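Shown next, in structure tokens, is the structure this report addresses.
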Amino acid sequence: MSTVTVVCPNAHRCKISVTAGTVLRQILEECCLKQGYDVDSYTLQHRNKPLDDSLPYRLSGLPNNACLDLIKSEEKKVDHEVEIALQTPEGRKISKFISSTMLADVLKKFSEEFGKDLLKAEAVEE
């Protein structure tokens, strides 16, 4: 079992015990709980690079006994416009959507453009 040291904004150090399967989000949550910070407002950094909190410790590339920084997260989750292309035997269509659009809504929009129901499952002929 390794220990990760998290340096908090108030200059306190928080030692968190981790295993290979510990998700970085758990480290963030435990540190914020100990220091009284809001989890959604902070993020972890290692050597001034933000860490993906969905990764387990063993896949994060962090060394044993790493020292992480807890920083205020300036990034707000904003929906961005994305361009999606759909290729069918009838041709290819491109449309713009908000990144939070559900797949069913994307298929409904393309169904209107292609003139057929893309949500209905069809038997595949070989």
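Residue numbering restarts at 1 in every chain; chains get A, B, ... in the order shown in the structure tokens, and ligands count up from 1 in that same order.
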
Taking a cut-off of 12 Å and counting only C-alpha atoms, can you build a table that, for each residue of region 55-83 of chain A near region 29-34 of chain A, reports the nearest atom pair and how far apart they are in Å (one decimal), sorted by chain then residue number, as a tab-separated table?
```
residue	atom	partner	partner_atom	distance
A:Leu68	CA	A:Cys31	CA	10.8
A:Asp69	CA	A:Cys31	CA	10.7
A:Leu70	CA	A:Cys31	CA	8.6
A:Ile71	CA	A:Cys32	CA	10.8
A:Lys72	CA	A:Cys32	CA	11.3
```

Keeping only all heavy atoms, write the selected residues as a JSON list (two decimals), in the first residue's frame.
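Result written to selection-v9.json:
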```json
[["chain", "number", "residue", "atom", "x", "y", "z"],
["A", 68, "LEU", "N", 0.83, 15.46, -4.64],
["A", 68, "LEU", "CA", -0.15, 16.09, -5.51],
["A", 68, "LEU", "C", -0.56, 17.43, -4.95],
["A", 68, "LEU", "O", -0.47, 17.67, -3.75],
["A", 68, "LEU", "CB", -1.39, 15.20, -5.65],
["A", 68, "LEU", "CG", -1.15, 13.75, -6.08],
["A", 68, "LEU", "CD1", -2.47, 12.99, -6.09],
["A", 68, "LEU", "CD2", -0.49, 13.70, -7.43],
["A", 69, "ASP", "N", -1.03, 18.30, -5.82],
["A", 69, "ASP", "CA", -1.53, 19.61, -5.40],
["A", 69, "ASP", "C", -3.04, 19.63, -5.56],
["A", 69, "ASP", "O", -3.58, 19.18, -6.57],
["A", 69, "ASP", "CB", -0.93, 20.72, -6.26],
["A", 69, "ASP", "CG", 0.57, 20.84, -6.08],
["A", 69, "ASP", "OD1", 1.02, 20.78, -4.93],
["A", 69, "ASP", "OD2", 1.27, 20.99, -7.10],
["A", 70, "LEU", "N", -3.72, 20.15, -4.56],
["A", 70, "LEU", "CA", -5.16, 20.36, -4.61],
["A", 70, "LEU", "C", -5.38, 21.81, -5.01],
["A", 70, "LEU", "O", -4.98, 22.72, -4.28],
["A", 70, "LEU", "CB", -5.80, 20.07, -3.25],
["A", 70, "LEU", "CG", -7.31, 20.20, -3.15],
["A", 70, "LEU", "CD1", -7.99, 19.09, -3.94],
["A", 70, "LEU", "CD2", -7.76, 20.14, -1.70],
["A", 71, "ILE", "N", -5.96, 22.02, -6.18],
["A", 71, "ILE", "CA", -6.15, 23.40, -6.65],
["A", 71, "ILE", "C", -7.62, 23.67, -6.93],
["A", 71, "ILE", "O", -8.39, 22.75, -7.21],
["A", 71, "ILE", "CB", -5.32, 23.69, -7.91],
["A", 71, "ILE", "CG1", -5.72, 22.77, -9.04],
["A", 71, "ILE", "CG2", -3.84, 23.59, -7.64],
["A", 71, "ILE", "CD1", -5.37, 23.31, -10.38],
["A", 72, "LYS", "N", -7.97, 24.93, -6.86],
["A", 72, "LYS", "CA", -9.32, 25.36, -7.17],
["A", 72, "LYS", "C", -9.57, 25.12, -8.65],
["A", 72, "LYS", "O", -8.77, 25.52, -9.49],
["A", 72, "LYS", "CB", -9.48, 26.84, -6.83],
["A", 72, "LYS", "CG", -10.88, 27.36, -6.96],
["A", 72, "LYS", "CD", -11.55, 27.32, -5.62],
["A", 72, "LYS", "CE", -12.86, 28.08, -5.68],
["A", 72, "LYS", "NZ", -13.87, 27.46, -4.88]]
```

Task: Surrounding residues of region 97-107 of chain A excluding itself and chain neighbours under 5 positions, 8 Å, only C-alpha atoms, as a VMD selection string - done: chain A and resid 79 to 84 118 to 119

Hey, can you spit out that residue selection with C-alpha atoms as a tab-separated table (two decimals), in the first residue's frame?
```
chain	number	residue	atom	x	y	z
A	79	ASP	CA	-21.63	22.11	-23.21
A	80	HIS	CA	-19.72	22.60	-26.41
A	81	GLU	CA	-21.00	22.39	-29.94
A	82	VAL	CA	-19.81	19.25	-31.72
A	83	GLU	CA	-20.15	18.13	-35.30
A	84	ILE	CA	-21.34	14.56	-35.87
A	118	LEU	CA	-32.85	5.01	-37.71
A	119	LEU	CA	-34.00	4.04	-34.22
```

TODO: Go through A:Leu28, A:Glu74, A:Phe110, A:Leu55 and flag the residue nearest Thr88 (chain A), using only C-alpha atoms for the distances.
DONE: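 Ranking A:Leu28, A:Glu74, A:Phe110, A:Leu55 by distance to Thr88 (chain A), first place goes to A:Phe110.
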
TODO: Compile the contact shell of Ser73 (chain A) as a ChimeraX atom specification: residues with an atom at most 6 Å away, counting only C-alpha atoms, same-chain residues fewer than 6 positions apart removed.
DONE: /A:41-43

May I have the selected residues written with C-alpha atoms, as a short mmCIF file (atom, residue, chain, number, x, y, z; two decimals), in the first residue's frame?
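The result, stored in part-v6.cif:
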```cif
data_model
loop_
_atom_site.label_atom_id
_atom_site.label_comp_id
_atom_site.auth_asym_id
_atom_site.auth_seq_id
_atom_site.Cartn_x
_atom_site.Cartn_y
_atom_site.Cartn_z
CA SER A 41 -14.74 22.94 -6.72
CA TYR A 42 -11.26 21.37 -6.60
CA THR A 43 -9.05 19.17 -8.75
#
```

Task: Interatomic distance, CA of Leu62 (chain A) to CA of His46 (chain A) (Å, one decimal) - done: 8.1 Å

TODO: Name the closest residue to Met1 (chain A) among the candidates A:Asn65, A:Ser54, A:Gln35, A:Gln87; distances are taken between atoms, counting only C-alpha atoms.
DONE: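 Nearest candidate to Met1 (chain A) out of A:Asn65, A:Ser54, A:Gln35, A:Gln87: A:Asn65.
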
Task: Residue nearest Gly61 (chain A) - candidates A:Glu113, A:Val39, A:Ala20, A:Thr3, atoms counted: only C-alpha atoms - done: A:Ala20

Open item on the list: Let's see if you can do this: from backbone DSSP, list all strand (DSSP E or B) residues in chain A, as a VMD selection string.
Closed with: chain A and resid 2 to 7 13 to 18 23 42 to 46 49 to 50 56 67 to 72 81 to 88 91 to 98
